[in-house]
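So the structure is just underneath, and the comments pick up after that.
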Amino acid sequence: IVGRRSSHAGAAMHPSYPIIYVRGYAGTQNEVEDTVATPYMGFNLGSTKLRQHHSGTIESHIFESPLVRLIKEEGYIDAYRDGEALPRGPVAARSIWIFRYYDITSQDLGQNARKEIEFHAAQLREFIRHIKDATAEDWPAGVPFRVNLVAHSMGGLVCRCYLQNQAIPGLDGRPATAWTDKAVDKFFTYATPHGGIEFRRGLGWVSGFRDFLDINNSANFGPERMRAFLDLPQDQPLNSVPDRCLPAERIFCMVGTDAHDYAAAGGLSRRSVGPLSDGLVQIENATVKGAARAFVYRSHSGHYGIVNSESSYQNLVRFLFGDIRVEGRLLVDELTLPPAIRRAHAQGDKIRASYHFETVLRVRGARWDLSRRLVDEHSAIFRSFDDMMRRDRPRHPHLFTSFLARDRRRNRRRRSLGFSVDLAVRVPDYEVENRFWFDDHYDGGFLFRDKINLDLTPRDQGSWSLRYGFDSRTPNRATTRITGNEQNGAVVFELPLRSRTEPGLSARLQLTCSRWNTG
C-alpha cells in the first residue's frame with residue numbers, strides 16, 4: 001500500500017487519490033504577497049532540526065519536506081504544467097495540488113481584497129471539480145472520484161467550511177450545497193484551531209477586541225464567526241463535525257505542543273496564548289471531536305514548525321496509505337493510595353490530586369516519534385482524583401490512535417508491524433482538606449513506568465496475534481504471545497500492567513486493531 005504503483009488499475013488507485021494542500025492564515029499584506037510568490041505555499045519547506053532538547057542541544061535530521069517526500073516515496077507528481085496554476089490536463093491522478101486561495105487577496109495577482117472563509121470554501125469546491133476534470137483521462141474505470149485534503153492552521157477551517165456548511169454561496173451558477181459532492185476521502189490537519197484561538201487567563205479581553213475589530217479577518221478564529229461559517233448551532237462545540245459531513249474517523253489532527261520555539265510577532269503570540277499550545281493554537285483546541293490525533297513537540301511554524309516535521313509526515317502517510325488502525329486505551333482496574341491518603345479518603349476528607357499519563361509512541365527502527373505526550377512538554381493526559389476514584393467519571397484515558405504500515409522497502413518478507421509505547425503514570429501531588437501532603441512524598445515519582453514493545457501480526461485468515469515485552473524485563477524485545485478477540489469488526493488485545501510499588505496501579509493496555517484502506 002505504501003510503495004509506488006501504476007494508477008491505471010482500480011485496486012491500485014485506492015487510496016492514492018489526488019492530494020490538495022491548503023495553507024494557513026496570512027495576517028498582513030506582506031505575508032500575503034510572500035505567500036503567493038511561492039508555488040507550493042509552504043508544503044515544500046523542509047527542516048534540518050529534529051528537536052531541541054531541554055539541555056539546549058539540537059538534534060539534526062534532514063527532512064526534505066512533505067512535497068518532496070511524497071514525490072520520492074509515494075510516486076506523486078505536482079500538478080503544475082507550463083506555468084499554469086490550474087492546468088486543464090491531462091494530469092496524473094496521483095498528483096499534488098496547491099489550493100492558492102490567497103491569490104485573489106494579492107495586490108499583484110488578485111483584487112487586493114480580503115474574502116470571507118465561505119468564499120474560499122466555495123472556491124475549494126470548484127477547485128475539486130477542476131481536479132476531477134483534469135485527471136479524468138488517468139482515472140481508473142469504476143473507481144469513484146476522491147481527493148485527500150491536507151491543511152495547515154486556518155486552511156483546515158476553510159476545508160471544514162466546505163465539508164459541513166450547507167449554505168456556502170455557489171459560483172458560476174453551481175449548486176450551493178457543498179457536502180453532497182462526497183468527494184473527500186480523508187482530511188488531515190496540522191495545527192488547525194478547530195476550537196478557535198483563545199488567550200490565557202486574564203487576557204480574555206484581547207479575544208473580544210480581536211473579534212470586534214476583525215482586522216484582516218482575524219475574527220475567523222472567534223466563536224461567533226466560526227459558528228457561522230461552520231454552520232454549527234449554539235449547543236454544539238466548535239470542534240464538532242455534523243453527521244452529514246465527513247465521518248470523524250476519516251479525519252486526523254496533528255497537534256503541536258512546542259510553544260517555546262514559535263517566534264511570530266516577537267514572541268507576543270506565545271506569551272498571549274500560554275505554554276499549553278504550539279505558540280498560537282492551544283492544545284485542547286487543535287482537534288476535532290472523535291477524530292484521530294497525534295501530538296508532536298513542534299511549534300505552529302518556523303524552524304521547528306509542525307508541517308516541516310518528520311513525525312508529522314509519518315503520521316500523514318500512515319493515515320493516507322497505511323494498513324492498520326490501532327487505538328490504545330488504558331483500562332485502570334485498581335489505583336492504590338499511600339496509607340495516610342487512603343485513611344483520609346475513607347473518613348471522608350476532601351482529597352485533591354492530578355494524575356498525569358505520559359505516552360510516547362514509536363515504530364520499529366525509527367528515530368522519530370509518532371506521538372509524544374509528556375508532563376515536561378505540557379502535553380500529558382490529565383485526570384483528576386475524582387475522575388480516577390469515581391466509576392461515573394472518565395476513568396480510562398485514551399492514549400493514542402495511530403496507523404501502521406508495512407515497510408516493504410526494508411523487509412518485504414516481514415509480516416509483522418513493530419511499535420512501542422513508552423507509558424508512565426506520575427505520582428500525584430496530594431492535597432488533603434486543601435493542605436499539601438508532605439509526609440512520605442518525593443516529587444517526580446511514578447506509579448508506573450515502562451516501555452512496552454509490540455509486534456502485531458495481522459492475518460488474512462485465522463486469528464491475529466501480538467507479541468509484547470517490557471523493557472524492564474526483556475529490553476527491546478517482544479517475547480509474550482497472545483491472540484486477539486474479534487469485536488465489532490476489530491481485533492482487541494489486552495495486556496496486563498501492574499506496578500511493583502505501593503502506591504501503584506493495576507491496569508490493562510487495550511489495543512483495538514482494525515484494517516485500514518480496505519476499499
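So you can find residues: chains in the C-alpha cells are A, B, ... in the order shown, residues in each start at 1, and ligands are numbered from 1 in order.
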
Checklist line | Polymer residues at most 12 Å from Glu31 of chain A, only C-alpha atoms, same-chain spacing of 5 or more positions, as a VMD selection string | finding: chain A and resid 24 to 26 36 to 38 41 102 to 103 105 to 107 216 264

Note to self: Residues near Leu280 of chain A, anyone? I mean within 10 Å using only C-alpha atoms, not counting same-chain ones fewer than 2 positions away, as a list in words.
What the structure shows: Ser153, Ala191, Thr192, Pro193, Ile197, Glu198, Phe199, Gly256, Asp258, Ala259, Tyr262, Ala264, Leu268, Ser269, Arg270, Arg271, Ser272, Val273, Gly274, Pro275, Leu276, Ser277, Asp278, Gln282, Ile283, Ser299, His300 and Ser301 of chain A

Notebook entry, point to check: What is the atom CA of Arg225 of chain A-atom CA of Ile117 of chain A distance in Å, reported with one decimal?
Noted result: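 Those two atoms sit 9.6 Å apart.
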
Next item on the list: Can you work out which one of A:Gly348, A:Pro90, A:Gly155, A:Pro338 has the shortest atom-to-atom distance to Thr189 of chain A, counting only C-alpha atoms?
Entry: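 Closest candidate: A:Gly155.
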
Note to self: Could you pull out the strand (DSSP E or B) residues of segment 15-179 of chain A, going by DSSP on the backbone, and write them as a PyMOL selection string?
What the structure shows: chain A and resi 19-22+47-52+58-63+77-78+81+84+95-98+147-152

Item checked: DSSP alpha helix (DSSP H) residues within segment 53-134 of chain A, listed as number ranges by chain -> A: 66-74, 117-134

Check: Between A:Ala294, A:Leu335, A:Leu238, A:Leu454, which is the closest to Phe319 of chain A once you count only C-alpha atoms?
Finding: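 For Phe319 of chain A, the nearest of the given residues is A:Ala294.
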
What's the 12 Å shell around Tyr355 of chain A, counting only C-alpha atoms, without same-chain residues fewer than 4 positions away, as a tab-separated table (two decimals) with C-alpha atoms, in the first residue's frame?
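This is the output file selection_30.tsv:
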```tsv
chain	number	residue	atom	x	y	z
A	335	LEU	CA	-5.41	2.58	41.82
A	375	VAL	CA	4.49	16.47	31.52
A	380	ALA	CA	0.46	14.77	29.21
A	381	ILE	CA	-3.05	13.31	29.60
A	382	PHE	CA	-4.75	14.67	32.72
A	383	ARG	CA	-7.21	13.06	35.12
A	384	SER	CA	-8.35	14.43	38.46
A	385	PHE	CA	-8.59	12.46	41.70
A	386	ASP	CA	-12.39	12.26	41.35
A	387	ASP	CA	-12.04	11.06	37.75
A	388	MET	CA	-9.95	8.12	38.90
A	389	MET	CA	-11.89	7.26	42.05
A	395	ARG	CA	-11.56	6.94	34.43
A	396	HIS	CA	-9.86	5.17	31.50
A	397	PRO	CA	-7.60	7.51	29.47
A	424	ALA	CA	4.29	6.41	32.55
A	425	VAL	CA	1.84	7.43	35.26
A	426	ARG	CA	3.13	10.13	37.59
A	427	VAL	CA	2.71	10.05	41.36
A	428	PRO	CA	0.38	12.98	42.03
A	429	ASP	CA	0.81	15.82	44.47
A	430	TYR	CA	-1.91	15.11	47.05
A	445	GLY	CA	7.87	9.67	41.29
A	446	PHE	CA	5.92	7.24	39.13
A	447	LEU	CA	3.05	4.88	39.86
A	448	PHE	CA	4.03	3.01	36.70
A	504	GLY	CA	0.63	1.91	42.31
A	505	LEU	CA	-1.90	0.69	39.82
```

Check: Hey, what's within 10 Å of Pro144 of chain A if we count only C-alpha atoms and toss same-chain stuff fewer than 2 positions away? As a list in words, please?
Finding: Gly10, His14, Trp139, Pro140, Ala141, Gly142, Arg146, Lys182 and Ala183 of chain A
